[in-house]
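Dropping final32.cif in here (mmCIF, C-alpha atoms and all ligand atoms):
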```
data_input
loop_
_atom_site.label_atom_id
_atom_site.label_comp_id
_atom_site.auth_asym_id
_atom_site.auth_seq_id
_atom_site.Cartn_x
_atom_site.Cartn_y
_atom_site.Cartn_z
CA MET J 26 -30.15 10.41 2.98
CA GLU J 27 -29.34 7.32 0.89
CA PRO J 28 -26.12 7.97 -1.13
CA SER J 29 -26.38 8.07 -4.94
CA GLN J 30 -25.40 4.90 -6.69
CA VAL J 31 -22.93 4.37 -9.50
CA THR J 32 -22.32 1.14 -11.36
CA ILE J 33 -18.92 0.05 -12.61
CA ILE J 34 -18.91 -2.45 -15.48
CA GLY J 35 -15.68 -4.48 -15.41
CA SER J 36 -13.59 -4.95 -12.27
CA GLY J 37 -10.04 -4.91 -13.68
CA LEU J 38 -7.38 -2.30 -12.96
CA ILE J 39 -9.48 0.68 -14.00
CA GLY J 40 -12.82 -0.58 -12.66
CA ARG J 41 -11.25 -1.05 -9.22
CA SER J 42 -9.79 2.42 -9.27
CA TRP J 43 -13.11 4.01 -10.19
CA ALA J 44 -14.81 1.99 -7.44
CA MET J 45 -12.34 3.35 -4.90
CA VAL J 46 -12.63 6.93 -6.11
CA PHE J 47 -16.45 6.87 -6.04
CA ALA J 48 -16.57 5.18 -2.63
CA ALA J 49 -14.17 7.83 -1.31
CA GLY J 50 -16.67 10.40 -2.60
CA GLY J 51 -19.42 8.74 -0.54
CA PHE J 52 -21.18 7.01 -3.45
CA LYS J 53 -22.73 3.58 -3.26
CA VAL J 54 -20.86 1.47 -5.83
CA LYS J 55 -22.06 -1.66 -7.57
CA LEU J 56 -19.20 -3.47 -9.25
CA TYR J 57 -20.29 -5.72 -12.12
CA ASP J 58 -18.22 -8.30 -14.01
CA ILE J 59 -18.89 -11.45 -15.98
CA ALA J 60 -16.47 -13.41 -13.83
CA GLN J 61 -17.34 -13.96 -10.15
CA GLN J 62 -13.70 -14.80 -9.38
CA GLN J 63 -12.61 -11.48 -10.88
CA LEU J 64 -15.07 -9.64 -8.63
CA THR J 65 -13.92 -11.49 -5.54
CA SER J 66 -10.29 -10.69 -6.18
CA ALA J 67 -11.22 -7.08 -7.04
CA LEU J 68 -12.88 -6.66 -3.65
CA GLU J 69 -9.92 -8.22 -1.86
CA ASN J 70 -7.54 -5.96 -3.74
CA ILE J 71 -9.62 -2.87 -3.01
CA ARG J 72 -9.76 -3.79 0.69
CA LYS J 73 -5.98 -4.22 0.81
CA GLN J 74 -5.35 -0.95 -1.00
CA MET J 75 -7.79 1.00 1.18
CA LYS J 76 -6.33 -0.39 4.40
CA GLU J 77 -2.80 0.47 3.31
CA LEU J 78 -3.88 3.93 2.22
CA GLU J 79 -5.58 4.49 5.54
CA GLU J 80 -2.51 3.35 7.48
CA SER J 81 -0.25 5.65 5.50
CA GLY J 82 -2.68 8.57 5.80
CA PHE J 83 -3.41 8.73 2.07
CA LEU J 84 -6.99 7.47 2.02
CA LYS J 85 -9.17 9.87 0.07
CA GLY J 86 -12.41 11.32 1.39
CA THR J 87 -13.79 11.77 4.86
CA LEU J 88 -14.99 8.21 5.46
CA SER J 89 -12.88 5.44 7.02
CA ALA J 90 -11.68 2.49 4.90
CA GLU J 91 -14.36 0.27 6.50
CA GLN J 92 -17.09 2.83 5.73
CA GLN J 93 -15.91 3.12 2.14
CA LEU J 94 -15.70 -0.66 1.74
CA ALA J 95 -19.26 -0.97 3.05
CA LEU J 96 -20.41 1.20 0.14
CA ILE J 97 -19.08 -1.26 -2.47
CA SER J 98 -21.02 -4.36 -3.50
CA ILE J 99 -20.43 -6.88 -6.28
CA CYS J 100 -22.85 -8.31 -8.82
CA THR J 101 -22.82 -10.63 -11.84
CA ASP J 102 -26.33 -9.75 -13.05
CA LEU J 103 -26.26 -6.74 -15.37
CA LYS J 104 -29.88 -5.72 -14.85
CA ALA J 105 -29.56 -5.84 -11.07
CA ALA J 106 -26.22 -4.02 -11.28
CA VAL J 107 -27.58 -0.99 -13.10
CA GLU J 108 -30.84 -0.75 -11.19
CA GLY J 109 -30.95 2.54 -9.29
CA ALA J 110 -27.71 3.86 -10.82
CA THR J 111 -27.40 7.52 -11.77
CA PHE J 112 -24.03 6.98 -13.48
CA ILE J 113 -22.57 3.90 -15.16
CA GLN J 114 -18.84 3.72 -15.83
CA GLU J 115 -17.84 1.01 -18.30
CA CYS J 116 -14.33 -0.44 -17.75
CA THR J 117 -14.17 -3.55 -19.91
CA PRO J 118 -11.19 -4.45 -22.14
CA GLU J 119 -10.30 -2.09 -24.98
CA ASN J 120 -12.19 -3.92 -27.71
CA LEU J 121 -14.67 -2.06 -29.89
CA GLU J 122 -16.96 -4.99 -30.59
CA LEU J 123 -17.12 -5.99 -26.93
CA LYS J 124 -17.82 -2.44 -25.76
CA LYS J 125 -20.46 -1.93 -28.47
CA LYS J 126 -22.15 -5.12 -27.33
CA ILE J 127 -22.15 -3.97 -23.71
CA PHE J 128 -23.50 -0.49 -24.53
CA GLY J 129 -26.13 -2.20 -26.73
CA GLN J 130 -27.20 -4.30 -23.74
CA LEU J 131 -27.25 -1.29 -21.46
CA ASP J 132 -29.26 0.68 -24.01
CA LEU J 133 -32.07 -1.85 -23.68
CA ILE J 134 -32.31 -1.78 -19.89
CA VAL J 135 -31.57 1.77 -18.72
CA GLY J 136 -33.95 4.69 -18.30
CA ASN J 137 -33.74 8.19 -19.74
CA THR J 138 -31.70 9.88 -17.03
CA VAL J 139 -28.71 7.67 -16.19
CA ILE J 140 -25.36 8.62 -17.76
CA LEU J 141 -23.55 5.90 -19.73
CA SER J 142 -19.83 6.58 -19.59
CA SER J 143 -16.87 4.66 -21.02
CA SER J 144 -13.28 4.55 -19.73
CA THR J 145 -11.94 3.84 -23.21
CA SER J 146 -8.41 5.08 -23.88
CA CYS J 147 -8.83 5.64 -27.58
CA LEU J 148 -12.10 4.40 -29.06
CA LEU J 149 -13.97 7.39 -30.42
CA PRO J 150 -17.47 8.08 -29.07
CA SER J 151 -18.80 8.08 -32.64
CA LYS J 152 -17.59 4.46 -32.97
CA LEU J 153 -18.92 3.41 -29.58
CA PHE J 154 -22.30 5.06 -29.25
CA THR J 155 -23.73 5.77 -32.72
CA GLY J 156 -27.17 4.23 -33.17
CA LEU J 157 -27.93 3.82 -29.47
CA LYS J 158 -31.39 4.90 -28.34
CA HIS J 159 -29.81 6.66 -25.35
CA VAL J 160 -26.93 8.28 -27.27
CA LYS J 161 -27.71 11.66 -25.66
CA GLN J 162 -26.77 10.13 -22.31
CA CYS J 163 -23.48 8.67 -23.57
CA ILE J 164 -19.99 10.05 -23.00
CA VAL J 165 -16.36 9.00 -22.63
CA SER J 166 -14.70 9.69 -19.27
CA HIS J 167 -11.09 8.68 -19.86
CA PRO J 168 -9.01 8.51 -16.69
CA ASP J 169 -5.32 9.19 -16.92
CA MET J 170 -3.11 6.33 -15.94
CA GLY J 171 0.01 7.94 -17.22
CA ASN J 172 1.30 4.49 -18.12
CA GLY J 173 -0.86 3.42 -20.97
CA GLY J 174 -1.98 4.59 -24.31
CA CYS J 175 -4.06 3.13 -27.07
CA ARG J 176 -3.12 -0.48 -26.72
CA ARG J 177 -4.38 -3.08 -29.14
CA GLN J 178 -6.24 -6.01 -27.65
CA ALA J 179 -3.53 -8.55 -28.55
CA ALA J 180 -0.91 -6.46 -26.79
CA LEU J 181 -3.16 -6.22 -23.76
CA GLU J 182 -3.52 -9.99 -23.57
CA ASP J 183 0.23 -10.50 -23.98
CA THR J 184 0.86 -8.19 -21.06
CA VAL J 185 -1.53 -10.12 -18.85
CA LYS J 186 0.12 -13.41 -19.79
CA THR J 187 3.62 -12.09 -19.17
CA ARG J 188 2.65 -10.68 -15.81
CA SER J 189 1.33 -14.01 -14.60
CA VAL J 190 4.62 -15.83 -15.27
CA GLU J 191 6.97 -16.36 -12.33
CA PHE J 192 10.69 -15.98 -13.01
CA ASP J 193 13.75 -16.93 -11.04
CA ILE J 194 15.43 -13.66 -10.32
CA PRO J 195 19.24 -13.49 -10.40
CA GLU J 196 20.92 -12.02 -7.31
CA LYS J 197 22.29 -8.96 -9.10
CA VAL J 198 18.77 -8.18 -10.33
CA LYS J 199 17.30 -8.74 -6.89
CA ALA J 200 19.47 -5.92 -5.63
CA LYS J 201 17.60 -3.57 -7.89
CA VAL J 202 14.21 -4.50 -6.43
CA VAL J 203 13.10 -1.77 -4.08
CA LYS J 204 10.76 -2.47 -1.23
CA PRO J 205 7.64 -0.43 -1.83
CA LEU J 206 5.31 0.96 0.83
CA ALA J 207 2.05 0.17 -0.87
CA GLN J 208 0.70 -0.42 -4.31
CA VAL J 209 -2.09 1.88 -5.33
CA ASN J 210 -3.57 2.12 -8.78
CA PRO J 211 -2.37 5.40 -10.30
CA PRO J 212 -5.78 6.98 -11.11
CA TYR J 213 -6.29 7.30 -7.39
CA PHE J 214 -3.54 9.92 -7.38
CA VAL J 215 -3.53 11.07 -11.00
CA PRO J 216 -6.85 12.87 -11.10
CA LEU J 217 -7.18 13.87 -14.76
CA VAL J 218 -10.31 12.71 -16.58
CA GLU J 219 -10.87 13.58 -20.25
CA ILE J 220 -14.57 14.06 -20.96
CA VAL J 221 -15.29 13.38 -24.63
CA PRO J 222 -18.79 13.71 -26.08
CA HIS J 223 -20.42 11.97 -29.01
CA PRO J 224 -21.71 14.55 -31.54
CA GLU J 225 -25.23 13.78 -30.24
CA THR J 226 -24.38 13.82 -26.52
CA ASP J 227 -26.71 16.19 -24.70
CA PRO J 228 -24.91 19.20 -23.16
CA SER J 229 -26.53 18.31 -19.82
CA THR J 230 -24.73 14.92 -19.92
CA ILE J 231 -21.40 16.72 -20.35
CA GLU J 232 -22.13 19.18 -17.55
CA SER J 233 -23.38 16.51 -15.13
CA THR J 234 -20.37 14.28 -15.80
CA TYR J 235 -18.04 17.23 -15.31
CA ALA J 236 -19.75 18.16 -12.02
CA LEU J 237 -19.68 14.56 -10.83
CA MET J 238 -15.96 14.23 -11.52
CA LYS J 239 -15.29 17.44 -9.60
CA LYS J 240 -17.42 16.19 -6.73
CA ILE J 241 -15.35 13.02 -6.34
CA GLY J 242 -12.09 14.98 -6.42
CA GLN J 243 -11.01 14.23 -10.00
CA SER J 244 -9.74 16.88 -12.37
CA PRO J 245 -12.02 16.79 -15.42
CA VAL J 246 -11.29 18.49 -18.73
CA LYS J 247 -13.87 18.88 -21.49
CA LEU J 248 -13.10 18.14 -25.12
CA ASN J 249 -15.49 20.04 -27.37
CA ARG J 250 -15.32 17.30 -29.96
CA GLU J 251 -13.71 13.91 -30.37
CA THR J 252 -10.26 13.52 -31.90
CA GLU J 253 -8.03 10.45 -32.29
CA GLY J 254 -6.06 9.87 -29.08
CA PHE J 255 -8.11 12.53 -27.28
CA VAL J 256 -5.75 15.19 -25.87
CA LEU J 257 -3.57 13.43 -23.32
CA ASN J 258 -2.35 10.75 -25.69
CA ARG J 259 -1.85 13.22 -28.52
CA LEU J 260 0.48 15.22 -26.28
CA GLN J 261 2.14 12.07 -24.97
CA TYR J 262 2.74 10.73 -28.48
CA ALA J 263 4.16 14.05 -29.67
CA VAL J 264 6.76 13.84 -26.90
CA ILE J 265 7.47 10.14 -27.51
CA SER J 266 7.85 10.76 -31.23
CA GLU J 267 10.51 13.43 -30.81
CA ALA J 268 12.25 11.45 -28.05
CA TRP J 269 12.45 8.49 -30.42
CA ARG J 270 13.86 10.63 -33.21
CA LEU J 271 16.52 12.27 -31.02
CA VAL J 272 17.76 8.91 -29.73
CA GLY J 273 17.49 7.37 -33.20
CA GLU J 274 19.61 10.13 -34.71
CA GLY J 275 22.21 9.65 -31.99
CA VAL J 276 21.74 13.12 -30.52
CA ILE J 277 21.33 11.81 -26.97
CA SER J 278 21.29 8.50 -25.09
CA PRO J 279 17.95 6.99 -24.01
CA THR J 280 18.66 7.49 -20.30
CA ASP J 281 19.73 11.10 -20.75
CA LEU J 282 16.65 11.74 -22.87
CA ASP J 283 14.47 10.62 -19.96
CA LEU J 284 16.36 12.93 -17.60
CA VAL J 285 15.52 15.91 -19.82
CA MET J 286 11.91 15.26 -18.94
CA SER J 287 12.15 14.05 -15.32
CA ASP J 288 14.70 16.64 -14.16
CA GLY J 289 13.77 19.37 -16.62
CA LEU J 290 10.51 19.91 -18.39
CA GLY J 291 8.50 17.52 -16.26
CA MET J 292 9.26 19.33 -13.01
CA ARG J 293 7.21 22.37 -13.95
CA TYR J 294 4.62 20.44 -15.96
CA ALA J 295 3.42 18.80 -12.76
CA PHE J 296 2.25 22.24 -11.68
CA ILE J 297 1.71 24.41 -14.76
CA GLY J 298 0.98 23.42 -18.34
CA PRO J 299 2.92 24.30 -21.49
CA LEU J 300 0.76 27.32 -22.31
CA GLU J 301 1.12 28.90 -18.89
CA THR J 302 4.84 28.11 -19.07
CA MET J 303 5.04 30.20 -22.25
CA HIS J 304 3.05 32.97 -20.60
CA LEU J 305 5.40 33.11 -17.62
CA ASN J 306 8.62 32.68 -19.59
CA ALA J 307 8.07 36.07 -21.23
CA GLU J 308 5.83 39.03 -20.53
CA GLY J 309 2.76 37.06 -21.55
CA ILE J 310 1.92 34.88 -24.55
CA SER J 311 2.12 37.63 -27.15
CA ASN J 312 5.53 38.66 -25.95
CA TYR J 313 6.65 35.01 -25.95
CA CYS J 314 5.50 34.62 -29.55
CA GLU J 315 7.21 37.83 -30.54
CA ARG J 316 10.46 36.62 -28.98
CA TYR J 317 10.41 32.92 -29.81
CA ARG J 318 8.12 32.49 -32.82
CA GLU J 319 10.97 32.32 -35.32
CA GLY J 320 13.08 30.01 -33.18
CA MET J 321 10.20 27.65 -32.50
CA ARG J 322 9.30 27.45 -36.18
CA LEU J 323 12.92 26.89 -37.14
CA VAL J 324 13.22 23.95 -34.75
CA LEU J 325 9.77 22.52 -35.52
CA ASN J 326 10.53 22.55 -39.24
CA THR J 327 13.39 20.11 -38.56
CA PHE J 328 11.01 17.51 -37.05
CA GLY J 329 10.67 14.47 -39.29
CA PRO J 330 7.87 12.08 -40.22
CA VAL J 331 6.11 9.73 -37.78
CA PRO J 332 8.66 7.14 -36.58
CA GLU J 333 8.14 3.42 -37.27
CA PHE J 334 8.80 2.49 -33.61
CA SER J 335 10.60 -0.67 -34.72
CA GLY J 336 13.96 -1.95 -35.98
CA GLU J 337 17.35 -0.70 -34.80
CA ILE J 338 16.08 2.26 -32.81
CA GLU J 339 13.64 0.06 -30.93
CA GLN J 340 16.49 -2.37 -30.13
CA LYS J 341 18.75 0.44 -28.98
CA ILE J 342 16.15 1.94 -26.65
CA ASN J 343 15.06 -1.46 -25.41
CA GLN J 344 18.65 -2.39 -24.57
CA ALA J 345 19.27 0.82 -22.64
CA MET J 346 16.01 0.60 -20.72
CA SER J 347 16.49 -3.11 -19.98
CA GLU J 348 19.97 -2.48 -18.58
CA LYS J 349 18.51 0.09 -16.22
CA ILE J 350 15.33 -1.85 -15.43
CA PRO J 351 15.56 -5.54 -16.42
CA VAL J 352 12.42 -6.86 -18.10
CA VAL J 353 11.61 -9.29 -15.30
CA PRO J 354 8.07 -9.13 -13.87
CA LYS J 355 9.18 -8.68 -10.26
CA VAL J 356 11.63 -5.93 -11.15
CA LEU J 357 9.11 -4.14 -13.35
CA ASP J 358 6.44 -4.42 -10.66
CA ALA J 359 8.78 -3.06 -8.00
CA ARG J 360 9.60 -0.13 -10.26
CA ARG J 361 5.89 0.46 -10.92
CA LYS J 362 5.31 0.48 -7.18
CA ARG J 363 8.11 2.98 -6.76
CA ARG J 364 6.56 5.14 -9.50
CA ASP J 365 3.23 5.04 -7.68
CA GLU J 366 4.91 6.08 -4.45
CA TYR J 367 6.42 9.06 -6.24
CA LEU J 368 2.98 9.93 -7.59
CA THR J 369 1.52 9.67 -4.11
CA GLY J 370 4.16 12.03 -2.78
CA LEU J 371 3.59 14.43 -5.64
CA ALA J 372 -0.18 14.39 -5.10
CA LYS J 373 0.42 15.18 -1.43
CA LEU J 374 2.76 18.03 -2.30
CA LYS J 375 0.30 19.47 -4.82
CA LYS J 376 -2.43 19.43 -2.16
CA GLN J 377 -0.23 21.39 0.24
CA MET J 378 0.49 24.12 -2.31
P1 LIG T 401 -8.62 -5.06 -17.45
O1 LIG T 401 -8.33 -6.09 -18.47
O2 LIG T 401 -7.72 -4.93 -16.27
O3 LIG T 401 -10.11 -5.30 -16.87
C1 LIG T 401 -11.22 -5.57 -17.69
C2 LIG T 401 -12.32 -6.22 -16.86
O4 LIG T 401 -13.49 -6.33 -17.66
C3 LIG T 401 -11.97 -7.63 -16.37
O5 LIG T 401 -12.26 -7.69 -14.99
C4 LIG T 401 -12.91 -8.53 -17.16
O6 LIG T 401 -13.32 -9.70 -16.44
C5 LIG T 401 -14.09 -7.59 -17.38
N1 LIG T 401 -14.95 -7.97 -18.50
C6 LIG T 401 -14.62 -8.57 -19.67
N2 LIG T 401 -15.73 -8.70 -20.42
C7 LIG T 401 -16.77 -8.19 -19.72
C8 LIG T 401 -18.18 -8.04 -19.97
N3 LIG T 401 -18.73 -8.48 -21.09
N4 LIG T 401 -18.92 -7.46 -19.02
C9 LIG T 401 -18.37 -7.03 -17.86
N5 LIG T 401 -17.06 -7.13 -17.57
C10 LIG T 401 -16.27 -7.71 -18.50
O7 LIG T 401 -8.72 -3.69 -18.23
P2 LIG T 401 -8.35 -2.23 -17.67
O8 LIG T 401 -6.89 -2.00 -17.77
O9 LIG T 401 -9.03 -2.03 -16.36
O10 LIG T 401 -9.03 -1.29 -18.79
C11 LIG T 401 -10.42 -1.06 -18.83
C12 LIG T 401 -10.70 0.09 -19.76
O11 LIG T 401 -10.07 1.26 -19.25
C13 LIG T 401 -10.20 -0.09 -21.18
O12 LIG T 401 -11.11 0.47 -22.08
C14 LIG T 401 -8.92 0.68 -21.19
O13 LIG T 401 -8.55 1.16 -22.46
C15 LIG T 401 -9.27 1.83 -20.27
N6 LIG T 401 -8.10 2.46 -19.68
C16 LIG T 401 -7.06 1.67 -19.29
C17 LIG T 401 -5.92 2.25 -18.78
C18 LIG T 401 -4.75 1.38 -18.35
O14 LIG T 401 -3.62 1.86 -18.38
N7 LIG T 401 -4.99 0.14 -17.93
C19 LIG T 401 -5.87 3.66 -18.64
C20 LIG T 401 -6.98 4.44 -18.98
C21 LIG T 401 -8.11 3.81 -19.51
#
```

Can I see the file as structure tokens?
Amino acid sequence: MEPSQVTIIGSGLIGRSWAMVFAAGGFKVKLYDIAQQQLTSALENIRKQMKELEESGFLKGTLSAEQQLALISICTDLKAAVEGATFIQECTPENLELKKKIFGQLDLIVGNTVILSSSTSCLLPSKLFTGLKHVKQCIVSHPDMGNGGCRRQAALEDTVKTRSVEFDIPEKVKAKVVKPLAQVNPPYFVPLVEIVPHPETDPSTIESTYALMKKIGQSPVKLNRETEGFVLNRLQYAVISEAWRLVGEGVISPTDLDLVMSDGLGMRYAFIGPLETMHLNAEGISNYCERYREGMRLVLNTFGPVPEFSGEIEQKINQAMSEKIPVVPKVLDARRKRRDEYLTGLAKLKKQM
């Protein structure tokens, strides 16, 4: 039987990752972009990643790298790209006007059954999809990268520019560069996908998207309604906010703050969430509340307003982080590769458990 086809709009970091995840699930993937060069380098990058994953035994799915690669094709014609697709995943830059334009174009050419899904990190479905003829078929499927949040477009462009600059690296910095095994885009190993509906999204669109994500090995969660930052970034920002305050008030150093998460809280959060943690840390949730309600409220009442994320505290944290990991593209990239290796190892461990 001919495999179902999905179309990925935009072949950057996230588009490539989706292409790999769908191909691993046995789907035919059409990768669309406005720039032919971007598509060519996306395919090369995907090939390299898949080969390395296969060699290290981490390739997802039951097909070989060659079989998965054969499922992926590239296209610069939007109409041809979406023809025959049952699911379209949009992965263009985080820019409301651009995304609205693309969904407007799609709205004119798709039928009544295909699902139109966006990877947006923080644009609300009500901003993206309102007024579309096919709004019932529209949804956000936000993959977790663990490294990004709601970035503004200007910041995104700055990052791209900085990354393309070559620097001379001093010897003492070179020593800090670790040799990585392979670079794999994190969504390949961080399976969470937040499914966020528009108020008019049909329940069948939510259910089908959820089932599809499960089928390709992702870990979908359903939001019953949209909220700024969705859930992952709301949790992430809550942690960042308190971390910022604690360092800013001189309670702890930036590097020790990070250890509290990586060698403390974070160890269990990779396996069980905060609510189950409460449940297990007492004789169930009610018992936890009975025991810790007062203490939690006492501490939470000492939390302050939303930090500015600028000025002296920013400088202090930046200095500490830069001493540990110099802000030099090659050093940062090596550290990112190391992070991805850790994620790979963790994903493997989680599978064994
Ligand atoms: P990116 O800049 O790496 O890639 C964007 C791609 O879109 C580029 O290949 C570009 O050529 C293409 N593009 C631009 N205009 C287009 C158009 N009109 N039609 C088709 N393609 C077009 O961006 P990214 O990091 O892959 O992010 C894509 C989306 O995923 C964003 O909405 C982002 O918020 C979201 N997201 C990103 C991350 C992250 O950490 N990078 C995490 C989760 C979600």

Query - Shortest interatomic distance to ligand LIG 401 (chain T) - which of J:Gln30, J:Thr145, J:Thr252, J:Gln61, counting only C-alpha atoms and all ligand atoms - result: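 Nearest to ligand LIG 401 (chain T): J:Thr145.
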
With only C-alpha atoms and all ligand atoms counted, collect every polymer residue having an atom within 6 Å of ligand LIG 401 (chain T); state the result as a PDB file with C-alpha atoms, in the frame of the given file.
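Result file is part_28.pdb:
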```pdb
ATOM      1  CA  ILE J  34     -18.910  -2.450 -15.480  1.00  0.00           C
ATOM      2  CA  GLY J  35     -15.680  -4.480 -15.410  1.00  0.00           C
ATOM      3  CA  SER J  36     -13.590  -4.950 -12.270  1.00  0.00           C
ATOM      4  CA  GLY J  37     -10.040  -4.910 -13.680  1.00  0.00           C
ATOM      5  CA  LEU J  38      -7.380  -2.300 -12.960  1.00  0.00           C
ATOM      6  CA  ILE J  39      -9.480   0.680 -14.000  1.00  0.00           C
ATOM      7  CA  GLY J  40     -12.820  -0.580 -12.660  1.00  0.00           C
ATOM      8  CA  ASP J  58     -18.220  -8.300 -14.010  1.00  0.00           C
ATOM      9  CA  ILE J  59     -18.890 -11.450 -15.980  1.00  0.00           C
ATOM     10  CA  ALA J  60     -16.470 -13.410 -13.830  1.00  0.00           C
ATOM     11  CA  GLN J  63     -12.610 -11.480 -10.880  1.00  0.00           C
ATOM     12  CA  CYS J 116     -14.330  -0.440 -17.750  1.00  0.00           C
ATOM     13  CA  THR J 117     -14.170  -3.550 -19.910  1.00  0.00           C
ATOM     14  CA  PRO J 118     -11.190  -4.450 -22.140  1.00  0.00           C
ATOM     15  CA  GLU J 119     -10.300  -2.090 -24.980  1.00  0.00           C
ATOM     16  CA  SER J 144     -13.280   4.550 -19.730  1.00  0.00           C
ATOM     17  CA  THR J 145     -11.940   3.840 -23.210  1.00  0.00           C
ATOM     18  CA  SER J 146      -8.410   5.080 -23.880  1.00  0.00           C
ATOM     19  CA  HIS J 167     -11.090   8.680 -19.860  1.00  0.00           C
ATOM     20  CA  PRO J 168      -9.010   8.510 -16.690  1.00  0.00           C
ATOM     21  CA  ASP J 169      -5.320   9.190 -16.920  1.00  0.00           C
ATOM     22  CA  MET J 170      -3.110   6.330 -15.940  1.00  0.00           C
ATOM     23  CA  ASN J 172       1.300   4.490 -18.120  1.00  0.00           C
ATOM     24  CA  GLY J 173      -0.860   3.420 -20.970  1.00  0.00           C
TER      25      GLY J 173
END
```

**Report entry** Shell around range 96-100 of chain J at 9 Å using all atoms listed in the file, local window under 2 positions removed, as a PyMOL selection string
**Finding:** chain J and resi 28+44-45+48+51-59+61+64-65+68+91-94+102-103+105-106

Quick one: write out the picked residues with C-alpha atoms as a PDB file, in the frame of the given file?
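Output contents, as saved in again-v2.pdb:
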```pdb
ATOM      1  CA  PRO J  28     -26.120   7.970  -1.130  1.00  0.00           C
ATOM      2  CA  ALA J  44     -14.810   1.990  -7.440  1.00  0.00           C
ATOM      3  CA  MET J  45     -12.340   3.350  -4.900  1.00  0.00           C
ATOM      4  CA  ALA J  48     -16.570   5.180  -2.630  1.00  0.00           C
ATOM      5  CA  GLY J  51     -19.420   8.740  -0.540  1.00  0.00           C
ATOM      6  CA  PHE J  52     -21.180   7.010  -3.450  1.00  0.00           C
ATOM      7  CA  LYS J  53     -22.730   3.580  -3.260  1.00  0.00           C
ATOM      8  CA  VAL J  54     -20.860   1.470  -5.830  1.00  0.00           C
ATOM      9  CA  LYS J  55     -22.060  -1.660  -7.570  1.00  0.00           C
ATOM     10  CA  LEU J  56     -19.200  -3.470  -9.250  1.00  0.00           C
ATOM     11  CA  TYR J  57     -20.290  -5.720 -12.120  1.00  0.00           C
ATOM     12  CA  ASP J  58     -18.220  -8.300 -14.010  1.00  0.00           C
ATOM     13  CA  ILE J  59     -18.890 -11.450 -15.980  1.00  0.00           C
ATOM     14  CA  GLN J  61     -17.340 -13.960 -10.150  1.00  0.00           C
ATOM     15  CA  LEU J  64     -15.070  -9.640  -8.630  1.00  0.00           C
ATOM     16  CA  THR J  65     -13.920 -11.490  -5.540  1.00  0.00           C
ATOM     17  CA  LEU J  68     -12.880  -6.660  -3.650  1.00  0.00           C
ATOM     18  CA  GLU J  91     -14.360   0.270   6.500  1.00  0.00           C
ATOM     19  CA  GLN J  92     -17.090   2.830   5.730  1.00  0.00           C
ATOM     20  CA  GLN J  93     -15.910   3.120   2.140  1.00  0.00           C
ATOM     21  CA  LEU J  94     -15.700  -0.660   1.740  1.00  0.00           C
ATOM     22  CA  ASP J 102     -26.330  -9.750 -13.050  1.00  0.00           C
ATOM     23  CA  LEU J 103     -26.260  -6.740 -15.370  1.00  0.00           C
ATOM     24  CA  ALA J 105     -29.560  -5.840 -11.070  1.00  0.00           C
ATOM     25  CA  ALA J 106     -26.220  -4.020 -11.280  1.00  0.00           C
TER      26      ALA J 106
END
```

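Here CA of Ala90 in chain J stands at a distance of 20.0 Å from CA of Gly370 in chain J.
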
Query - Point-to-point distance from CA of Tyr367 in chain J to CA of Val218 in chain J, Å rounded to tenths - result: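 So the answer is 20.0 Å.
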
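The nearest approach to Leu153 in chain J among the residues J:Leu325, J:Pro224, J:Gly86, J:Glu108, with all atoms listed in the file taken into account, belongs to J:Pro224.
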